[in-house]
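Shown next: upload_20.csv, containing CSV, C-alpha atoms.
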chain,number,residue,atom,x,y,z
A,24,PRO,CA,0.0,0.0,0.0
A,25,ASP,CA,1.0,3.6,-0.6
A,26,HIS,CA,1.0,4.5,3.1
A,27,GLN,CA,4.0,2.1,3.7
A,28,HIS,CA,6.0,4.0,1.2
A,29,VAL,CA,5.2,7.3,2.9
A,30,VAL,CA,6.3,5.9,6.3
A,31,LEU,CA,9.5,4.4,4.8
A,32,ASP,CA,10.3,7.6,2.9
A,33,GLY,CA,9.9,9.7,6.1
A,34,THR,CA,11.9,7.3,8.3
A,35,LEU,CA,14.8,7.2,5.9
A,36,ALA,CA,14.8,11.0,5.5
A,37,LEU,CA,15.5,11.2,9.3
A,38,GLN,CA,18.6,9.1,9.0
A,39,SER,CA,21.0,11.7,7.6
A,40,MET,CA,23.4,11.5,10.6
A,41,ALA,CA,23.5,7.7,10.6
A,42,LEU,CA,24.1,7.8,6.8
A,43,ALA,CA,26.9,10.3,7.3
A,44,THR,CA,28.5,7.9,9.9
A,45,LEU,CA,28.1,5.0,7.4
A,46,HIS,CA,29.9,7.1,4.7
A,47,GLU,CA,32.7,8.2,7.1
A,48,GLN,CA,33.3,5.1,9.1
A,49,GLY,CA,32.1,2.4,6.7
A,50,LYS,CA,29.5,1.2,9.2
A,51,THR,CA,27.0,2.5,11.7
A,52,PHE,CA,27.5,2.2,15.5
A,53,PRO,CA,25.3,0.2,17.8
A,54,ARG,CA,22.4,1.9,19.5
A,55,GLY,CA,23.7,4.0,22.4
A,56,LYS,CA,27.2,4.2,21.0
A,57,ASP,CA,26.8,6.9,18.3
A,58,PHE,CA,26.7,10.7,18.9
A,59,LEU,CA,22.9,10.9,18.4
A,60,THR,CA,22.0,7.7,20.2
A,61,GLY,CA,23.7,8.2,23.6
A,62,ALA,CA,27.5,8.5,23.2
A,63,LEU,CA,27.5,12.1,24.4
A,64,PRO,CA,26.2,13.5,27.7
A,65,ASN,CA,24.8,16.5,25.8
A,66,TYR,CA,22.6,14.4,23.5
A,67,ASN,CA,20.9,11.8,25.7
A,68,LEU,CA,17.9,10.7,27.8
A,69,TYR,CA,18.1,11.1,31.5
A,70,ARG,CA,15.8,9.6,34.2
A,71,CYS,CA,14.3,12.0,36.7
A,72,ARG,CA,13.2,11.5,40.3
A,73,ASP,CA,9.7,10.4,39.2
A,74,GLY,CA,11.0,7.7,36.8
A,75,LYS,CA,10.1,9.8,33.8
A,76,TYR,CA,12.7,10.9,31.3
A,77,LEU,CA,14.1,14.2,30.0
A,78,ALA,CA,15.7,14.4,26.6
A,79,VAL,CA,18.7,16.6,26.2
A,80,GLY,CA,19.6,17.5,22.6
A,81,ALA,CA,22.2,20.3,23.2
A,82,LEU,CA,24.6,19.4,20.4
A,83,GLU,CA,26.1,22.9,20.1
A,84,PRO,CA,28.3,24.0,23.0
A,85,LYS,CA,26.3,27.2,23.6
A,86,PHE,CA,23.2,25.1,24.2
A,87,PHE,CA,25.0,22.6,26.4
A,88,PHE,CA,26.6,25.4,28.5
A,89,ALA,CA,23.1,27.0,28.9
A,90,PHE,CA,21.8,23.6,30.1
A,91,LEU,CA,24.7,23.1,32.5
A,92,LYS,CA,24.2,26.7,33.9
A,93,GLN,CA,20.6,25.9,34.6
A,94,ILE,CA,21.2,22.6,36.4
A,95,THR,CA,24.3,23.5,38.5
A,96,PRO,CA,24.8,26.0,41.3
A,97,GLY,CA,25.3,29.6,40.2
A,98,TRP,CA,28.6,29.9,42.1
A,99,LEU,CA,30.2,27.6,39.5
A,100,TRP,CA,29.6,30.2,36.8
A,101,LYS,CA,30.7,33.3,38.6
A,102,LYS,CA,33.8,35.0,37.3
A,103,ARG,CA,36.8,34.5,39.4
A,104,LYS,CA,39.7,36.8,39.7
A,105,SER,CA,42.1,35.9,37.0
A,106,SER,CA,45.7,35.0,37.7
A,107,ALA,CA,48.3,33.9,35.2
A,108,ARG,CA,48.0,30.3,36.5
A,109,THR,CA,44.2,29.9,36.4
A,110,THR,CA,43.9,31.6,33.0
A,111,ARG,CA,46.6,29.4,31.5
A,112,ASP,CA,45.7,26.1,33.2
A,113,THR,CA,41.9,26.2,33.3
A,114,PRO,CA,40.2,27.8,30.4
A,115,ALA,CA,36.8,29.2,31.3
A,116,PRO,CA,33.7,27.7,29.5
A,117,ASN,CA,32.5,29.9,26.7
A,118,PRO,CA,28.7,30.2,27.0
A,119,SER,CA,28.5,31.6,23.5
A,120,GLY,CA,29.8,28.4,22.1
A,121,ASN,CA,31.8,30.1,19.4
A,122,ALA,CA,35.2,29.1,20.7
A,123,ASP,CA,37.3,26.3,19.2
A,124,LEU,CA,36.6,23.1,21.1
A,125,GLY,CA,40.3,22.1,21.1
A,126,PRO,CA,40.8,18.5,22.1
A,127,LEU,CA,37.1,17.8,22.1
A,128,ALA,CA,37.0,18.4,18.4
A,129,ALA,CA,39.1,15.3,17.8
A,130,LEU,CA,36.5,13.2,19.5
A,131,SER,CA,34.0,13.9,16.7
A,132,LYS,CA,35.5,11.0,14.7
A,133,ASN,CA,35.6,8.6,17.6
A,134,PRO,CA,32.2,8.1,19.5
A,135,ALA,CA,33.6,5.3,21.6
A,136,LYS,CA,36.4,7.4,22.9
A,137,ALA,CA,34.1,10.4,23.4
A,138,ARG,CA,31.7,8.2,25.4
A,139,TRP,CA,34.5,6.9,27.6
A,140,LEU,CA,36.1,10.3,28.3
A,141,LEU,CA,32.8,12.1,28.9
A,142,MET,CA,31.3,9.3,31.1
A,143,PRO,CA,31.9,11.3,34.4
A,144,VAL,CA,30.0,14.3,32.9
A,145,ARG,CA,27.1,12.0,32.0
A,146,TRP,CA,27.1,10.5,35.5
A,147,LEU,CA,27.1,14.0,37.1
A,148,ILE,CA,24.1,15.1,34.9
A,149,ALA,CA,22.3,11.9,35.7
A,150,LEU,CA,22.7,12.4,39.4
A,151,ILE,CA,21.6,16.1,39.2
A,152,LEU,CA,18.5,15.3,37.1
A,153,LEU,CA,17.5,12.6,39.6
A,154,THR,CA,16.9,15.4,42.2
A,155,ARG,CA,13.7,16.7,40.5
A,156,THR,CA,10.7,15.3,38.6
A,157,ARG,CA,10.7,15.5,34.8
A,158,ASP,CA,8.0,18.1,34.8
A,159,ASP,CA,9.9,20.2,37.4
A,160,TRP,CA,13.0,20.2,35.1
A,161,GLU,CA,10.9,21.0,32.1
A,162,LYS,CA,9.5,24.0,33.9
A,163,ARG,CA,12.9,25.1,35.1
A,164,LEU,CA,14.6,24.7,31.8
A,165,GLY,CA,11.8,25.6,29.5
A,166,GLY,CA,12.7,29.3,29.2
A,167,ALA,CA,16.4,28.6,28.8
A,168,ASP,CA,17.9,28.0,25.4
A,169,ALA,CA,19.1,24.6,26.5
A,170,CYS,CA,17.5,22.2,23.9
A,171,ILE,CA,15.6,20.0,26.3
A,172,SER,CA,12.2,18.3,26.2
A,173,ALA,CA,10.2,15.9,28.2
A,174,SER,CA,10.4,12.4,26.7
A,175,LEU,CA,6.7,11.5,26.7
A,176,THR,CA,5.1,8.1,26.8
A,177,LEU,CA,2.6,7.4,24.0
A,178,GLU,CA,-0.3,8.0,26.3
A,179,GLU,CA,1.2,11.4,27.4
A,180,ALA,CA,1.9,12.4,23.8
A,181,LEU,CA,-1.7,11.6,22.7
A,182,GLU,CA,-3.0,13.7,25.6
A,183,SER,CA,-0.6,16.5,25.2
A,184,PRO,CA,-1.9,20.0,24.6
A,185,GLN,CA,-0.1,20.2,21.3
A,186,ALA,CA,-1.7,17.0,20.0
A,187,GLN,CA,-5.0,18.2,21.2
A,188,ALA,CA,-4.7,21.6,19.7
A,189,ARG,CA,-3.7,20.2,16.4
A,190,ASP,CA,-6.6,17.7,16.5
A,191,LEU,CA,-4.2,14.8,15.8
A,192,VAL,CA,-6.1,12.2,17.9
A,193,GLU,CA,-9.5,10.6,17.3
A,194,GLN,CA,-11.4,8.0,19.2
A,195,ARG,CA,-12.4,4.8,17.4
A,196,HIS,CA,-14.3,2.2,19.4
A,197,GLY,CA,-13.2,3.9,22.6
A,198,LYS,CA,-9.5,3.7,21.6
A,199,PRO,CA,-7.2,6.5,20.5
A,200,MET,CA,-6.1,6.6,16.9
A,201,ILE,CA,-3.8,9.1,15.3
A,202,LYS,CA,-5.3,11.0,12.4
A,203,SER,CA,-3.3,11.0,9.3
A,204,GLU,CA,-3.6,11.7,5.6
A,205,TRP,CA,-3.1,8.2,4.5
A,206,ARG,CA,-5.8,6.9,6.8
A,207,SER,CA,-8.4,9.4,5.8
A,208,GLY,CA,-9.7,7.2,3.0
A,209,GLN,CA,-10.5,4.3,5.3
Exercise: express the given structure as structure tokens:
Amino acid sequence: PDHQHVVLDGTLALQSMALATLHEQGKTFPRGKDFLTGALPNYNLYRCRDGKYLAVGALEPKFFFAFLKQITPGWLWKKRKSSARTTRDTPAPNPSGNADLGPLAALSKNPAKARWLLMPVRWLIALILLTRTRDDWEKRLGGADACISASLTLEEALESPQAQARDLVEQRHGKPMIKSEWRSGQ
């Protein structure tokens, strides 16, 4: 049927990053091991206190720094008096994200190494996000340019204000169905 072609076309169109990995590396990485499937702490799913999940999709450094600033204590981000030693030895994070990433840029070709080196950052974020519910984090981070979103269950997505406002759900025999163009002829 035609609707299967539409689903396949749309699904394959969303695979541009995996296809780029295939071209560059000659193979794709297993789920959870590539940059867009969990290798990086700034592009991952995190469990919150209520067992629900928050999606972090802060690929660009400026978004990741905005996220980190919102979830960590403010004193971490206050400017300190500079000295020759601290300026030289510990570069300050650049919230604008426009700076060269230095050694981190080399990790772009090695997701396994990036995952291993950045594991402490992921653990720290995971521990911090366990301190509040998903909805609390979404409220706290919603106004920040931090690229986060609640990861909804299907039931939550069907009942969401956006799905309701767009009239995407209909009831058939007491069960929710997603309205779509290819189903409209049935």
> Which one of A:Ser203, A:Asn65, A:Thr156, A:Gln185 sits closest to Glu83 (chain A) if you count all atoms listed in the file?
Replying inline: A:Asn65
> So what do you get for CA of Leu140 (chain A) versus CA of Lys101 (chain A), distance-wise?
Replying inline: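 Result for CA of Leu140 (chain A) versus CA of Lys101 (chain A): 25.8 Å, one decimal.
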> Do you have the CA of Arg163 (chain A)-CA of Phe86 (chain A) distance handy?
Replying inline: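 Going from CA of Arg163 (chain A) over to CA of Phe86 (chain A), I get 15.0 Å.
Closest approach to Asp73 (chain A) from the set A:Trp146, A:Trp98, A:Trp160, A:Trp139 is made by A:Trp160, with distances taken over only C-alpha atoms.
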>> What does the structure give for the distance between CA of Gln93 (chain A) and CA of Val79 (chain A), in Å to one decimal?
In response: 12.7 Å
Do a neighbour search on region 190-193 of chain A at 8 Å with only C-alpha atoms, toss out local chain neighbours closer than 3 positions, and write the hits as a tab-separated table (two decimals) with C-alpha atoms, in the frame of the given file.
chain	number	residue	atom	x	y	z
A	181	LEU	CA	-1.70	11.60	22.70
A	186	ALA	CA	-1.70	17.00	20.00
A	187	GLN	CA	-5.00	18.20	21.20
A	199	PRO	CA	-7.20	6.50	20.50
A	200	MET	CA	-6.10	6.60	16.90
A	201	ILE	CA	-3.80	9.10	15.30
A	202	LYS	CA	-5.30	11.00	12.40
A	203	SER	CA	-3.30	11.00	9.30
